[in-house]
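Asker: Dropping a structure here in structure tokens format, bear with me for questions.
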Amino acid sequence: MIDLRLLRDNPDVVRASQVARGDDPALVDQALDADSRRRSALTDFEQMRAEQKSLGKKVAQAKGDEKTALLAHTKQLAEGVKARQKDADDAEAQLKTILYKISNVIEGAPPGGEDDYVVLREEGTVRDFAAEGFTPRDHLELGEGLRAIDTERGAKVSGARFYYLTGVGARLELALLNAAMDQATQAGFTPVITPTLVRPEIMQGTGFLGEHADEIYRLEADDLYLVGTSEVALAGYHSGEILDLSDGPKRYAGWSACYRREAGSYGKDTRGIIRVHQFHKVEMFSYVDPADAEAEHQRLLAWEEAMLRKCELPYRVIDTAAGDLGSSAARKFDCEAWLPTQERYLELTSTSNCTTFQARRLGVRERVDVDGKSETRTVATLNGTLGTTRWIVAILENHQQPDGSVRVPEGLRPYLGGLEVLEPVGASAGSSKGTA
């Protein structure tokens, strides 16, 4: 939810943000109208209540016809007070509904849609497989050769876009996520294993029940949602609380299974494990003083890049365009690794500065000293990916060798018992065809 004071004082800023996102700027005027009606009704209500109290004293002293007239007027006022209270409540409910439809105000994001991102830099060296004398295999072919990925049995047991990670596949994911968690812990993050089911108010508070609500799995019988990222559970961790940020940001690294319906993405990255319904992820999450949010955003990005370097992946950093931001993000940077077999970049991480948008919805504040007086104000929240199952795609393809083996990046070797190369397994081992 955006700051109501910003909406009142600088409506043109909010309108411009809506336009840049491709959202409806008319929502700004609708919100201002509802706010005006709410404040007007509250003013009338307070005036009538004050008159009610004044009349109460007069009625106690009046007699005869004067008392009868005052009592009639008192009754009239009571009805008016009730009506204005209802008007204020209705306008407030309408205002809240409209405010929940207005996305966070962008801060520095380029205008445009999905294809209007700005490339900030490219890092690492893209391999020239032609010069090396062989054609690269895709991650699924490599994974099947290593007996690391089994999509056939995943589909048999759970349906399309499910999979098993087996043998070195399972070990590789654990190595990746443990490396991410170690890096986060060394940077001062508190490791957290988060719930993967959350209440509607938490999901809504983080901004995931807007236009993309169809991407989320819902358990109707329990009125709970399966999270698509531990960001949701971490954003709700301090909901309704007043934090002490005097010693700096509160930082958490959440490890969780994640679930996404991937509605509307049929035919797009459906081979292998690029776009799946279930995966694991380590997510950084920060609660910070709003004045430090931009700097924290850069810190999260730097930690993401450090993890990519550990995996020795060529990548680029993009500044996501306003029309491709989630409703909560004021700005978002993505790191995309090179995918040799598709000759394109594939998103592996994203980090978003959500400013005070989520915290305002979830009631997360900090206590501050203003001119010698203790006050509370809304904090800022930020998030950033530090490792997911999808990274396996880029690791396998970028570090493959002509015989189908895969070199293990040095940064992950300590987490694989010092293993330097993942070797292919005989064709019959682990085959999903026939008997196992």
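So you can find residues: chains in the structure tokens are A, B, ... in the order shown, residues in each start at 1, and ligands are numbered from 1 in order.
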What parts of region 321-356 of chain A does DSSP call strand (DSSP E)? I'd like the answer as a VMD selection string.
Answerer: chain A and resid 331 to 339 344 to 353
Asker: Name all residues at most 7 Å from Val227 (chain A) (count only C-alpha atoms; drop same-chain ones fewer than 2 positions away) and give them as a list in words.
Answerer: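 Counting only the stated atoms, we get Thr196, Leu197, Tyr225, Thr229, Ser230, Val232, Cys258 and Tyr259 of chain A.
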Asker: Would you list the contacts of Ala253 (chain A) as a list in words, taking every protein, DNA or RNA residue within 8 Å and counting only C-alpha atoms, but skipping same-chain residues closer than 5 positions in sequence?
Answerer: Met181, Ala184, Thr185, Phe189, Thr190, Pro191, Val192, Val282, Glu283, Met284 and Phe285 of chain A
Asker: When you count only C-alpha atoms, which of these residues is closest to Arg218 (chain A): A:Met203, A:Ala330, A:Ala306, A:Ile98?
Answerer: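 Smallest separation from Arg218 (chain A) among the options: A:Met203.
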Asker: Rank nothing, just name the residue among A:Ala322, A:Leu234, A:Val379, A:Val364 nearest to Pro290 (chain A), using only C-alpha atoms.
Answerer: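 Of A:Ala322, A:Leu234, A:Val379, A:Val364, the one nearest Pro290 (chain A) is A:Val379, counting only C-alpha atoms.
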Asker: Within 9 Å of His277 (chain A), counting only C-alpha atoms, which residues qualify if same-chain residues fewer than 4 places away don't, as number ranges by chain?
Answerer: A: 160-162, 258-262
Asker: What's the separation between CA of Ala337 (chain A) and CA of Gly167 (chain A), in Å to one decimal place?
Answerer: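 A separation of 24.5 Å between them.
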Asker: With a distance cut-off of 7 Å and only C-alpha atoms, select the neighbouring residues of Leu412 (chain A), excluding the residue or stretch itself and same-chain residues fewer than 2 positions from it, and output the selection as a list in words.
Answerer: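 Selected residues are Ala175, Leu176, Ala179, Cys311, Val408, Pro409, Glu410, Pro414, Tyr415 and Leu416 of chain A.
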Asker: Would you list the contacts of Glu304 (chain A) as a PyMOL selection string, taking every protein, DNA or RNA residue within 12 Å and counting only C-alpha atoms, but skipping same-chain residues closer than 3 positions in sequence?
Answerer: chain A and resi 179-181+183-184+187+282-284+297-301+307-311+313+315-317+333-337+348-351+383-388
Asker: What's around region 323-327 of chain A at 6 Å? Count only C-alpha atoms, leave out sequence neighbours fewer than 6 positions away in its own chain, and write the answer as a ChimeraX atom specification.
Answerer: /A:21-22,103-104,112-114
Asker: Go ahead and write the selection's residues with N, CA, C and O atoms as a short mmCIF file (atom, residue, chain, number, x, y, z; two decimals), in the first residue's frame.
Answerer:
data_model
loop_
_atom_site.label_atom_id
_atom_site.label_comp_id
_atom_site.auth_asym_id
_atom_site.auth_seq_id
_atom_site.Cartn_x
_atom_site.Cartn_y
_atom_site.Cartn_z
N ARG A 21 4.09 1.99 -15.41
CA ARG A 21 3.85 0.57 -15.22
C ARG A 21 2.85 0.00 -16.23
O ARG A 21 2.73 -1.22 -16.38
N GLY A 22 2.10 0.89 -16.88
CA GLY A 22 1.02 0.43 -17.74
C GLY A 22 -0.25 0.16 -16.95
O GLY A 22 -1.16 -0.53 -17.42
N SER A 103 -0.23 0.10 -7.42
CA SER A 103 1.09 -0.52 -7.22
C SER A 103 2.04 0.47 -6.55
O SER A 103 1.79 1.68 -6.52
N ASN A 104 3.13 -0.07 -6.04
CA ASN A 104 4.15 0.76 -5.40
C ASN A 104 4.68 1.79 -6.40
O ASN A 104 4.75 1.54 -7.60
N GLY A 112 8.34 1.26 -19.55
CA GLY A 112 8.16 0.25 -20.58
C GLY A 112 7.77 -1.10 -20.03
O GLY A 112 7.49 -1.26 -18.83
N GLY A 113 7.74 -2.11 -20.92
CA GLY A 113 7.29 -3.44 -20.56
C GLY A 113 8.42 -4.44 -20.44
O GLY A 113 9.59 -4.09 -20.24
N GLU A 114 8.08 -5.71 -20.61
CA GLU A 114 9.00 -6.82 -20.37
C GLU A 114 10.30 -6.70 -21.17
O GLU A 114 11.36 -7.08 -20.68
#
Asker: What residues in region 278-435 of chain A get the DSSP label alpha helix (DSSP H)? Please answer as number ranges by chain.
Answerer: A: 293-310, 357-362, 391-398
Asker: Next, the residues of the selection above should be written as an mmCIF file, in the first residue's frame with N, CA and C atoms.
Answerer:
data_model
loop_
_atom_site.group_PDB
_atom_site.id
_atom_site.type_symbol
_atom_site.label_atom_id
_atom_site.label_comp_id
_atom_site.auth_asym_id
_atom_site.auth_seq_id
_atom_site.Cartn_x
_atom_site.Cartn_y
_atom_site.Cartn_z
ATOM 1 N N ALA A 293 17.249 2.107 2.257
ATOM 2 C CA ALA A 293 16.731 1.067 1.369
ATOM 3 C C ALA A 293 17.502 0.965 0.059
ATOM 4 N N GLU A 294 17.814 2.100 -0.540
ATOM 5 C CA GLU A 294 18.515 2.070 -1.828
ATOM 6 C C GLU A 294 19.903 1.450 -1.680
ATOM 7 N N ALA A 295 20.602 1.792 -0.608
ATOM 8 C CA ALA A 295 21.932 1.227 -0.366
ATOM 9 C C ALA A 295 21.839 -0.270 -0.076
ATOM 10 N N GLU A 296 20.819 -0.671 0.660
ATOM 11 C CA GLU A 296 20.619 -2.092 0.945
ATOM 12 C C GLU A 296 20.331 -2.871 -0.325
ATOM 13 N N HIS A 297 19.624 -2.241 -1.241
ATOM 14 C CA HIS A 297 19.334 -2.879 -2.522
ATOM 15 C C HIS A 297 20.629 -3.216 -3.260
ATOM 16 N N GLN A 298 21.569 -2.296 -3.247
ATOM 17 C CA GLN A 298 22.853 -2.531 -3.896
ATOM 18 C C GLN A 298 23.646 -3.631 -3.175
ATOM 19 N N ARG A 299 23.502 -3.684 -1.855
ATOM 20 C CA ARG A 299 24.195 -4.728 -1.104
ATOM 21 C C ARG A 299 23.642 -6.108 -1.457
ATOM 22 N N LEU A 300 22.318 -6.215 -1.553
ATOM 23 C CA LEU A 300 21.702 -7.496 -1.912
ATOM 24 C C LEU A 300 22.161 -7.937 -3.301
ATOM 25 N N LEU A 301 22.209 -7.001 -4.233
ATOM 26 C CA LEU A 301 22.671 -7.314 -5.578
ATOM 27 C C LEU A 301 24.122 -7.806 -5.557
ATOM 28 N N ALA A 302 24.947 -7.170 -4.761
ATOM 29 C CA ALA A 302 26.363 -7.570 -4.673
ATOM 30 C C ALA A 302 26.494 -8.985 -4.121
ATOM 31 N N TRP A 303 25.669 -9.337 -3.134
ATOM 32 C CA TRP A 303 25.709 -10.695 -2.589
ATOM 33 C C TRP A 303 25.238 -11.717 -3.624
ATOM 34 N N GLU A 304 24.247 -11.364 -4.413
ATOM 35 C CA GLU A 304 23.802 -12.257 -5.481
ATOM 36 C C GLU A 304 24.928 -12.495 -6.486
ATOM 37 N N GLU A 305 25.611 -11.420 -6.866
ATOM 38 C CA GLU A 305 26.699 -11.546 -7.842
ATOM 39 C C GLU A 305 27.860 -12.367 -7.277
ATOM 40 N N ALA A 306 28.102 -12.243 -5.986
ATOM 41 C CA ALA A 306 29.169 -13.035 -5.365
ATOM 42 C C ALA A 306 28.843 -14.524 -5.463
ATOM 43 N N MET A 307 27.577 -14.863 -5.293
ATOM 44 C CA MET A 307 27.153 -16.262 -5.398
ATOM 45 C C MET A 307 27.273 -16.766 -6.833
ATOM 46 N N LEU A 308 26.951 -15.934 -7.793
ATOM 47 C CA LEU A 308 27.086 -16.316 -9.200
ATOM 48 C C LEU A 308 28.556 -16.559 -9.563
ATOM 49 N N ARG A 309 29.432 -15.746 -8.985
ATOM 50 C CA ARG A 309 30.854 -15.936 -9.244
ATOM 51 C C ARG A 309 31.349 -17.247 -8.638
ATOM 52 N N LYS A 310 30.817 -17.628 -7.483
ATOM 53 C CA LYS A 310 31.198 -18.907 -6.886
ATOM 54 C C LYS A 310 30.835 -20.065 -7.809
ATOM 55 N N PHE A 357 6.071 -0.251 1.020
ATOM 56 C CA PHE A 357 4.807 -0.770 0.476
ATOM 57 C C PHE A 357 4.297 -1.984 1.255
ATOM 58 N N GLN A 358 5.127 -3.019 1.385
ATOM 59 C CA GLN A 358 4.697 -4.230 2.086
ATOM 60 C C GLN A 358 4.532 -3.984 3.583
ATOM 61 N N ALA A 359 5.499 -3.272 4.164
ATOM 62 C CA ALA A 359 5.477 -3.049 5.610
ATOM 63 C C ALA A 359 4.249 -2.246 6.033
ATOM 64 N N ARG A 360 3.801 -1.312 5.180
ATOM 65 C CA ARG A 360 2.613 -0.529 5.505
ATOM 66 C C ARG A 360 1.379 -1.435 5.529
ATOM 67 N N ARG A 361 1.295 -2.340 4.581
ATOM 68 C CA ARG A 361 0.170 -3.285 4.552
ATOM 69 C C ARG A 361 0.196 -4.224 5.764
ATOM 70 N N LEU A 362 1.400 -4.609 6.158
ATOM 71 C CA LEU A 362 1.543 -5.609 7.223
ATOM 72 C C LEU A 362 1.755 -4.996 8.604
ATOM 73 N N TRP A 391 19.213 -22.819 -10.841
ATOM 74 C CA TRP A 391 20.647 -22.613 -11.059
ATOM 75 C C TRP A 391 21.310 -23.873 -11.610
ATOM 76 N N ILE A 392 20.753 -25.043 -11.306
ATOM 77 C CA ILE A 392 21.307 -26.303 -11.794
ATOM 78 C C ILE A 392 21.342 -26.312 -13.317
ATOM 79 N N VAL A 393 20.325 -25.709 -13.936
ATOM 80 C CA VAL A 393 20.263 -25.629 -15.402
ATOM 81 C C VAL A 393 21.519 -24.956 -15.938
ATOM 82 N N ALA A 394 21.834 -23.783 -15.395
ATOM 83 C CA ALA A 394 22.990 -23.015 -15.870
ATOM 84 C C ALA A 394 24.305 -23.688 -15.509
ATOM 85 N N ILE A 395 24.381 -24.291 -14.334
ATOM 86 C CA ILE A 395 25.622 -24.960 -13.911
ATOM 87 C C ILE A 395 25.936 -26.134 -14.836
ATOM 88 N N LEU A 396 24.941 -26.980 -15.117
ATOM 89 C CA LEU A 396 25.167 -28.139 -15.981
ATOM 90 C C LEU A 396 25.588 -27.705 -17.384
ATOM 91 N N GLU A 397 24.869 -26.746 -17.962
ATOM 92 C CA GLU A 397 25.141 -26.371 -19.350
ATOM 93 C C GLU A 397 26.468 -25.627 -19.511
ATOM 94 N N ASN A 398 26.800 -24.757 -18.576
ATOM 95 C CA ASN A 398 28.017 -23.956 -18.727
ATOM 96 C C ASN A 398 29.287 -24.725 -18.369
#
Asker: For each of A:Val118, A:Ile216, A:Leu165, A:Leu77, take the minimum atom-to-atom distance to Arg153 (chain A), counting only C-alpha atoms, then give the residue where this is smallest.
Answerer: A:Leu165
Asker: Quick one, how far is CA of Gly80 (chain A) from CA of Arg38 (chain A)?
Answerer: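 Interatomic distance here is 15.3 Å.
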Asker: What gap, in Å, lies between CA of Val421 (chain A) and CA of Arg407 (chain A)?
Answerer: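 Pair CA of Val421 (chain A) / CA of Arg407 (chain A) returns 4.5 Å.
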